[in-house]
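> Below you'll find the structure I mean.
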Amino acid sequence: MVLPIHPMAAKRSEAALDRERGEPCAAVIRCTIRRFQPRILIWWRRSFVGATRRTPKCVELSWRNFWLKSPPSTTPRRPADSESMCSSSISGGSDGPNRISGWKTSRGQVARGFFPPRLWAIIKSIACELPSRHDQPLSRWFVPDIKRVVESEGHVESISLSTIWRILDQDALKPWRRHSWIWSRDPRFFERAALALDLYEGIWNGRSLRSDEFVISADEKTSIQARCRLHPTEVHCDGRGQRVEHEYERKGAWTYIAGLDVHRARVMGRLELKNGIAPFSRFVDQVMRREPYASARRVFWLVDQGSSHRPSTFPDRLRTMYPNALAVPLPVHASWLNQIEIYFSILERKALTPNDFPNLAAVMERIHAFEGIFNRTADPFTWTFTREDLGRLLKRMPSVVLTESAQLGHRHALKATG
């Protein structure tokens, strides 16, 4: 750091400074470092009545105070009223600058000092309950609703919205947050899912797969529409991005049947106008008649329990068509274990969004072109979720209570699968 002094000032003697300036004082500046913070020691002498001219006085200043035009006083300055201990509002915020506040707690901790822990527990318990328990016609809580209930029930006379928000935000339990969830009704969930996870690791029945054994993850992506926008899409260079017209004309829809070779990162697809057993069988023919699958020792087909490849009929039909093909059905509601769904999400984000195609032929051309790019550049997905991880996950899951109709359908499914 460059000091704001003359470069030759340190070399000049005190007598020379006195002669040149004609002043009864001289300055010699030194710099020290304490805890990595620079300080300036300024020594100056003043001529005053009743004191010797050479009487030294030392004042320690910061870099900020060094730029003051007049020498600072050695008497400690009394802090102004605005710079003393800042008062805190009831919501936990401070009224003055935080850097000179006397509080040593964070902003989120200030509210605890004003409201007892009992009120904290009451606010959290209300947030964890359904609004109907408090005669509120709501599906979930919002902060103003909790404030109204807390005050109306007499737990506190008044409390701010920001304080309630901080109390809830600091807690680990957040039941007011929700996301959709599907419980699997398959009693053989672990057994069926573990077979698929073993195949992702290259294992079948405890033995490693050979080089002439392949794993294909297959499924359908239905209703890929060709939406012709009523106004052409615009791209602006002013930070607004694309402007896509909301209204469109439907030009038809495709059903995209695709399979992913899990260990080779190869995608094979087929577009059909509708879904069903016959279209999926044509896709199986398309895959199994090409190499290396036609001459493979075994080809494992991972499929869900859709209508075109149900576990009650598809395995026998596949083995009849191709003796070296083996169907491995996933349990109900286990699409998150099917790697072809990852490819479908990549296709949707990179090639089909926004959906603006003049006709079905344009959609077909885009999908087939994307297949080529994926097969040239993609690597196998890094899949780390194993059967041990699945077992630990299922142990944390509560048991599912089925309704009477669901139990009846479940028994029929068990009969069909044997």
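Chain labels follow the order of the structure tokens: the first chain is A, the next B, and so on; residue numbering restarts at 1 in every chain, and ligands are counted from 1 in their shown order.
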As a PyMOL selection string, please: all residues of segment 87-308 of chain A that backbone DSSP puts in alpha helix (DSSP H).
chain A and resi 107-114+117-127+143-152+161-170+189-200+277-288
> For the interface of segment 330-370 of chain A with segment 264-283 of chain A (cut-off 9 Å, counting only C-alpha atoms), please tabulate each contacting residue of segment 330-370 of chain A alongside its nearest pair of atoms and their separation in Å to one decimal, rows sorted by chain and increasing number, as a Markdown table.

| residue | atom | partner | partner_atom | distance |
| --- | --- | --- | --- | --- |
| A:Ile340 | CA | A:Val267 | CA | 8.9 |
| A:Tyr343 | CA | A:Val267 | CA | 8.6 |
| A:Met364 | CA | A:Leu271 | CA | 7.3 |
| A:Ile367 | CA | A:Gly269 | CA | 8.8 |
| A:His368 | CA | A:Gly269 | CA | 7.9 |
> Which residues come within 10 Å of Phe314 of chain A, counting only C-alpha atoms, excluding same-chain residues fewer than 2 positions away, as an MDAnalysis selection string?
chainID A and resid 277 281 303 305 307:312 316:320 326:329
> Restrict the selected residues to N, CA and C atoms and save them as a PDB file, in the first residue's frame.

ATOM      1  N   ILE A 277     -49.542 -53.197 -28.839  1.00  0.00           N
ATOM      2  CA  ILE A 277     -48.712 -54.390 -28.909  1.00  0.00           C
ATOM      3  C   ILE A 277     -48.049 -54.512 -30.277  1.00  0.00           C
ATOM      4  N   SER A 281     -44.082 -54.513 -31.061  1.00  0.00           N
ATOM      5  CA  SER A 281     -43.486 -55.712 -31.659  1.00  0.00           C
ATOM      6  C   SER A 281     -42.669 -55.356 -32.890  1.00  0.00           C
ATOM      7  N   VAL A 303     -38.366 -53.318 -19.310  1.00  0.00           N
ATOM      8  CA  VAL A 303     -39.589 -52.598 -19.665  1.00  0.00           C
ATOM      9  C   VAL A 303     -40.432 -52.420 -18.414  1.00  0.00           C
ATOM     10  N   GLN A 305     -44.524 -51.826 -16.834  1.00  0.00           N
ATOM     11  CA  GLN A 305     -45.735 -52.633 -16.950  1.00  0.00           C
ATOM     12  C   GLN A 305     -46.806 -51.916 -17.756  1.00  0.00           C
ATOM     13  N   SER A 307     -49.240 -51.152 -21.188  1.00  0.00           N
ATOM     14  CA  SER A 307     -50.219 -52.030 -21.829  1.00  0.00           C
ATOM     15  C   SER A 307     -49.620 -52.838 -22.973  1.00  0.00           C
ATOM     16  N   SER A 308     -48.591 -52.324 -23.625  1.00  0.00           N
ATOM     17  CA  SER A 308     -48.002 -53.031 -24.768  1.00  0.00           C
ATOM     18  C   SER A 308     -46.949 -54.050 -24.357  1.00  0.00           C
ATOM     19  N   HIS A 309     -46.539 -54.061 -23.095  1.00  0.00           N
ATOM     20  CA  HIS A 309     -45.553 -55.046 -22.624  1.00  0.00           C
ATOM     21  C   HIS A 309     -45.823 -55.394 -21.167  1.00  0.00           C
ATOM     22  N   ARG A 310     -47.015 -55.926 -20.951  1.00  0.00           N
ATOM     23  CA  ARG A 310     -47.384 -56.342 -19.593  1.00  0.00           C
ATOM     24  C   ARG A 310     -46.570 -57.567 -19.171  1.00  0.00           C
ATOM     25  N   PRO A 311     -46.271 -57.674 -17.882  1.00  0.00           N
ATOM     26  CA  PRO A 311     -45.471 -58.831 -17.429  1.00  0.00           C
ATOM     27  C   PRO A 311     -46.201 -60.158 -17.545  1.00  0.00           C
ATOM     28  N   SER A 312     -47.515 -60.139 -17.722  1.00  0.00           N
ATOM     29  CA  SER A 312     -48.260 -61.390 -17.842  1.00  0.00           C
ATOM     30  C   SER A 312     -48.174 -61.992 -19.237  1.00  0.00           C
ATOM     31  N   ASP A 316     -43.404 -64.123 -22.503  1.00  0.00           N
ATOM     32  CA  ASP A 316     -43.596 -65.301 -23.359  1.00  0.00           C
ATOM     33  C   ASP A 316     -43.619 -64.920 -24.836  1.00  0.00           C
ATOM     34  N   ARG A 317     -44.257 -63.805 -25.140  1.00  0.00           N
ATOM     35  CA  ARG A 317     -44.310 -63.381 -26.539  1.00  0.00           C
ATOM     36  C   ARG A 317     -42.922 -63.037 -27.063  1.00  0.00           C
ATOM     37  N   LEU A 318     -42.106 -62.386 -26.246  1.00  0.00           N
ATOM     38  CA  LEU A 318     -40.758 -62.033 -26.662  1.00  0.00           C
ATOM     39  C   LEU A 318     -39.894 -63.282 -26.854  1.00  0.00           C
ATOM     40  N   ARG A 319     -39.990 -64.249 -25.947  1.00  0.00           N
ATOM     41  CA  ARG A 319     -39.197 -65.463 -26.072  1.00  0.00           C
ATOM     42  C   ARG A 319     -39.629 -66.281 -27.300  1.00  0.00           C
ATOM     43  N   THR A 320     -40.912 -66.229 -27.634  1.00  0.00           N
ATOM     44  CA  THR A 320     -41.381 -66.926 -28.831  1.00  0.00           C
ATOM     45  C   THR A 320     -40.828 -66.285 -30.096  1.00  0.00           C
ATOM     46  N   LEU A 326     -34.729 -61.904 -23.451  1.00  0.00           N
ATOM     47  CA  LEU A 326     -35.285 -62.171 -22.127  1.00  0.00           C
ATOM     48  C   LEU A 326     -35.878 -60.877 -21.575  1.00  0.00           C
ATOM     49  N   ALA A 327     -37.175 -60.891 -21.266  1.00  0.00           N
ATOM     50  CA  ALA A 327     -37.854 -59.707 -20.720  1.00  0.00           C
ATOM     51  C   ALA A 327     -37.636 -59.625 -19.217  1.00  0.00           C
ATOM     52  N   VAL A 328     -37.318 -58.416 -18.731  1.00  0.00           N
ATOM     53  CA  VAL A 328     -37.145 -58.143 -17.303  1.00  0.00           C
ATOM     54  C   VAL A 328     -38.098 -57.011 -16.945  1.00  0.00           C
ATOM     55  N   PRO A 329     -39.330 -57.304 -16.520  1.00  0.00           N
ATOM     56  CA  PRO A 329     -40.298 -56.242 -16.207  1.00  0.00           C
ATOM     57  C   PRO A 329     -39.973 -55.561 -14.888  1.00  0.00           C
TER      58      PRO A 329
END
> Skip Arg148 of chain A itself and residues of its chain fewer than 6 positions away, then list as number ranges by chain all residues within 10 Å of it, counting only C-alpha atoms.
A: 158-159, 161
> Please determine, counting only C-alpha atoms, which residue among A:Asp186, A:Asp219, A:Glu247, A:Asp171 has the shortest atom-to-atom distance to Ile342 of chain A.
A:Asp219
> Enumerate as a JSON list (two decimals) with C-alpha atoms, in the first residue's frame all residues of segment 155-343 of chain A assigned to strand (DSSP E) by DSSP on the backbone, naming them with the chain letters and numbers the document uses.

[["chain", "number", "residue", "atom", "x", "y", "z"],
["A", 203, "ILE", "CA", -24.55, -58.77, -13.21],
["A", 204, "TRP", "CA", -27.20, -61.44, -13.74],
["A", 207, "ARG", "CA", -22.47, -63.66, -12.45],
["A", 208, "SER", "CA", -20.97, -60.95, -14.63],
["A", 213, "GLU", "CA", -24.81, -60.16, -23.67],
["A", 214, "PHE", "CA", -26.60, -56.82, -23.87],
["A", 215, "VAL", "CA", -29.09, -54.82, -21.79],
["A", 216, "ILE", "CA", -31.74, -52.70, -23.56],
["A", 217, "SER", "CA", -33.95, -50.28, -21.62],
["A", 218, "ALA", "CA", -37.10, -49.64, -23.67],
["A", 219, "ASP", "CA", -40.31, -47.62, -23.38],
["A", 220, "GLU", "CA", -42.69, -45.34, -25.32],
["A", 221, "LYS", "CA", -42.91, -41.56, -25.30],
["A", 222, "THR", "CA", -46.47, -40.86, -26.35],
["A", 223, "SER", "CA", -48.18, -37.81, -27.86],
["A", 224, "ILE", "CA", -45.23, -35.91, -29.31],
["A", 225, "GLN", "CA", -47.29, -33.23, -31.06],
["A", 226, "ALA", "CA", -46.44, -31.05, -34.03],
["A", 227, "ARG", "CA", -47.63, -27.61, -32.92],
["A", 228, "CYS", "CA", -47.56, -24.96, -35.61],
["A", 229, "ARG", "CA", -47.51, -21.56, -33.89],
["A", 234, "GLU", "CA", -38.77, -14.41, -32.41],
["A", 235, "VAL", "CA", -35.31, -14.16, -30.89],
["A", 242, "GLN", "CA", -37.16, -16.21, -27.36],
["A", 243, "ARG", "CA", -40.76, -15.12, -27.71],
["A", 248, "TYR", "CA", -50.95, -23.03, -32.18],
["A", 249, "GLU", "CA", -52.55, -25.46, -34.61],
["A", 250, "ARG", "CA", -52.29, -29.20, -34.04],
["A", 251, "LYS", "CA", -50.67, -30.99, -36.95],
["A", 252, "GLY", "CA", -50.82, -34.52, -35.48],
["A", 253, "ALA", "CA", -48.79, -36.48, -32.95],
["A", 254, "TRP", "CA", -46.23, -39.27, -32.89],
["A", 255, "THR", "CA", -45.58, -42.11, -30.47],
["A", 256, "TYR", "CA", -41.83, -42.51, -30.08],
["A", 257, "ILE", "CA", -40.76, -46.07, -29.18],
["A", 258, "ALA", "CA", -37.08, -46.19, -28.23],
["A", 259, "GLY", "CA", -34.54, -48.48, -26.63],
["A", 260, "LEU", "CA", -31.22, -47.62, -24.99],
["A", 261, "ASP", "CA", -28.31, -50.03, -24.98],
["A", 266, "ARG", "CA", -26.67, -46.53, -28.26],
["A", 267, "VAL", "CA", -30.26, -45.38, -28.94],
["A", 268, "MET", "CA", -32.60, -47.09, -31.40],
["A", 269, "GLY", "CA", -36.01, -45.56, -32.05],
["A", 270, "ARG", "CA", -39.14, -45.86, -34.12],
["A", 271, "LEU", "CA", -42.03, -43.43, -34.68],
["A", 272, "GLU", "CA", -45.58, -44.77, -34.81],
["A", 298, "ARG", "CA", -28.72, -63.04, -24.56],
["A", 299, "VAL", "CA", -30.45, -59.67, -24.85],
["A", 300, "PHE", "CA", -32.19, -58.41, -21.69],
["A", 301, "TRP", "CA", -35.19, -56.12, -22.25],
["A", 302, "LEU", "CA", -35.99, -53.79, -19.33],
["A", 303, "VAL", "CA", -39.59, -52.60, -19.66],
["A", 325, "ALA", "CA", -34.30, -62.29, -25.81],
["A", 326, "LEU", "CA", -35.29, -62.17, -22.13],
["A", 327, "ALA", "CA", -37.85, -59.71, -20.72],
["A", 328, "VAL", "CA", -37.14, -58.14, -17.30],
["A", 329, "PRO", "CA", -40.30, -56.24, -16.21]]
> List as a list in words the protein and nucleic acid residues near Cys128 of chain A, meaning an atom at most 12 Å away when only C-alpha atoms are counted, but skip any in the same chain fewer than 6 places from it.
Ala121, Ile122, His134, Arg140, Trp141, Phe142, Ile146, Leu168, Asp171, Ala172, Leu173, Lys174, Pro175, Trp176, Arg177 and Arg178 of chain A
> Next, write the just-selected residues to a file, as a compact mmCIF listing (two decimals), in the first residue's frame, keeping N, CA and C atoms as the atom set.

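The new file result_7.txt reads:
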# COMPACT_ATOMS: atom_id res chain seq x y z
N ALA A 121 -42.66 -23.08 19.57
CA ALA A 121 -43.22 -24.42 19.40
C ALA A 121 -44.66 -24.37 18.90
N ILE A 122 -45.43 -23.38 19.35
CA ILE A 122 -46.82 -23.25 18.90
C ILE A 122 -46.88 -22.92 17.42
N HIS A 134 -57.89 -26.08 12.38
CA HIS A 134 -58.14 -24.75 12.95
C HIS A 134 -59.29 -24.05 12.24
N ARG A 140 -53.37 -25.57 2.39
CA ARG A 140 -52.07 -25.51 3.05
C ARG A 140 -51.87 -24.12 3.63
N TRP A 141 -50.89 -24.02 4.52
CA TRP A 141 -50.68 -22.77 5.26
C TRP A 141 -49.84 -21.78 4.47
N PHE A 142 -50.10 -20.50 4.71
CA PHE A 142 -49.23 -19.40 4.31
C PHE A 142 -48.94 -18.57 5.55
N ILE A 146 -50.98 -18.17 9.27
CA ILE A 146 -50.46 -18.57 10.58
C ILE A 146 -50.48 -17.39 11.55
N LEU A 168 -39.98 -20.35 11.10
CA LEU A 168 -40.22 -21.55 10.31
C LEU A 168 -39.05 -21.90 9.42
N ASP A 171 -36.21 -23.94 11.10
CA ASP A 171 -36.50 -25.27 11.59
C ASP A 171 -36.21 -26.30 10.51
N ALA A 172 -35.80 -27.49 10.94
CA ALA A 172 -35.48 -28.55 9.99
C ALA A 172 -36.73 -29.18 9.38
N LEU A 173 -37.84 -29.21 10.14
CA LEU A 173 -39.09 -29.77 9.63
C LEU A 173 -39.82 -28.73 8.80
N LYS A 174 -40.15 -29.09 7.59
CA LYS A 174 -40.86 -28.16 6.71
C LYS A 174 -42.02 -28.91 6.03
N PRO A 175 -43.04 -29.28 6.80
CA PRO A 175 -44.15 -30.05 6.21
C PRO A 175 -45.01 -29.24 5.27
N TRP A 176 -44.89 -27.91 5.29
CA TRP A 176 -45.70 -27.10 4.38
C TRP A 176 -45.18 -27.18 2.94
N ARG A 177 -44.00 -27.72 2.76
CA ARG A 177 -43.51 -27.97 1.41
C ARG A 177 -44.00 -29.33 0.94
N ARG A 178 -44.42 -29.44 -0.28
CA ARG A 178 -45.01 -30.69 -0.75
C ARG A 178 -44.53 -30.99 -2.17
> Between atom CA of His155 of chain A and atom CA of Leu130 of chain A, measure the distance and give it in Å to one decimal.
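Atom CA of Leu130 of chain A lies 18.4 Å from atom CA of His155 of chain A.
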> What lies within 8 Å of Ser335 of chain A using only C-alpha atoms, ignoring chain neighbours under 5 positions off, as a PyMOL selection string?
chain A and resi 304+330+341
> Could you take the residues named above and write them with N, CA and C atoms, as a PDB file, in the first residue's frame?

ATOM      1  N   ASP A 304     -41.304 -51.389 -18.454  1.00  0.00           N
ATOM      2  CA  ASP A 304     -42.247 -51.209 -17.348  1.00  0.00           C
ATOM      3  C   ASP A 304     -43.486 -52.056 -17.612  1.00  0.00           C
ATOM      4  N   LEU A 330     -40.119 -54.256 -14.891  1.00  0.00           N
ATOM      5  CA  LEU A 330     -39.944 -53.465 -13.678  1.00  0.00           C
ATOM      6  C   LEU A 330     -41.231 -53.487 -12.860  1.00  0.00           C
ATOM      7  N   GLU A 341     -35.862 -43.358 -19.659  1.00  0.00           N
ATOM      8  CA  GLU A 341     -36.536 -42.125 -19.266  1.00  0.00           C
ATOM      9  C   GLU A 341     -35.556 -40.957 -19.185  1.00  0.00           C
TER      10      GLU A 341
END
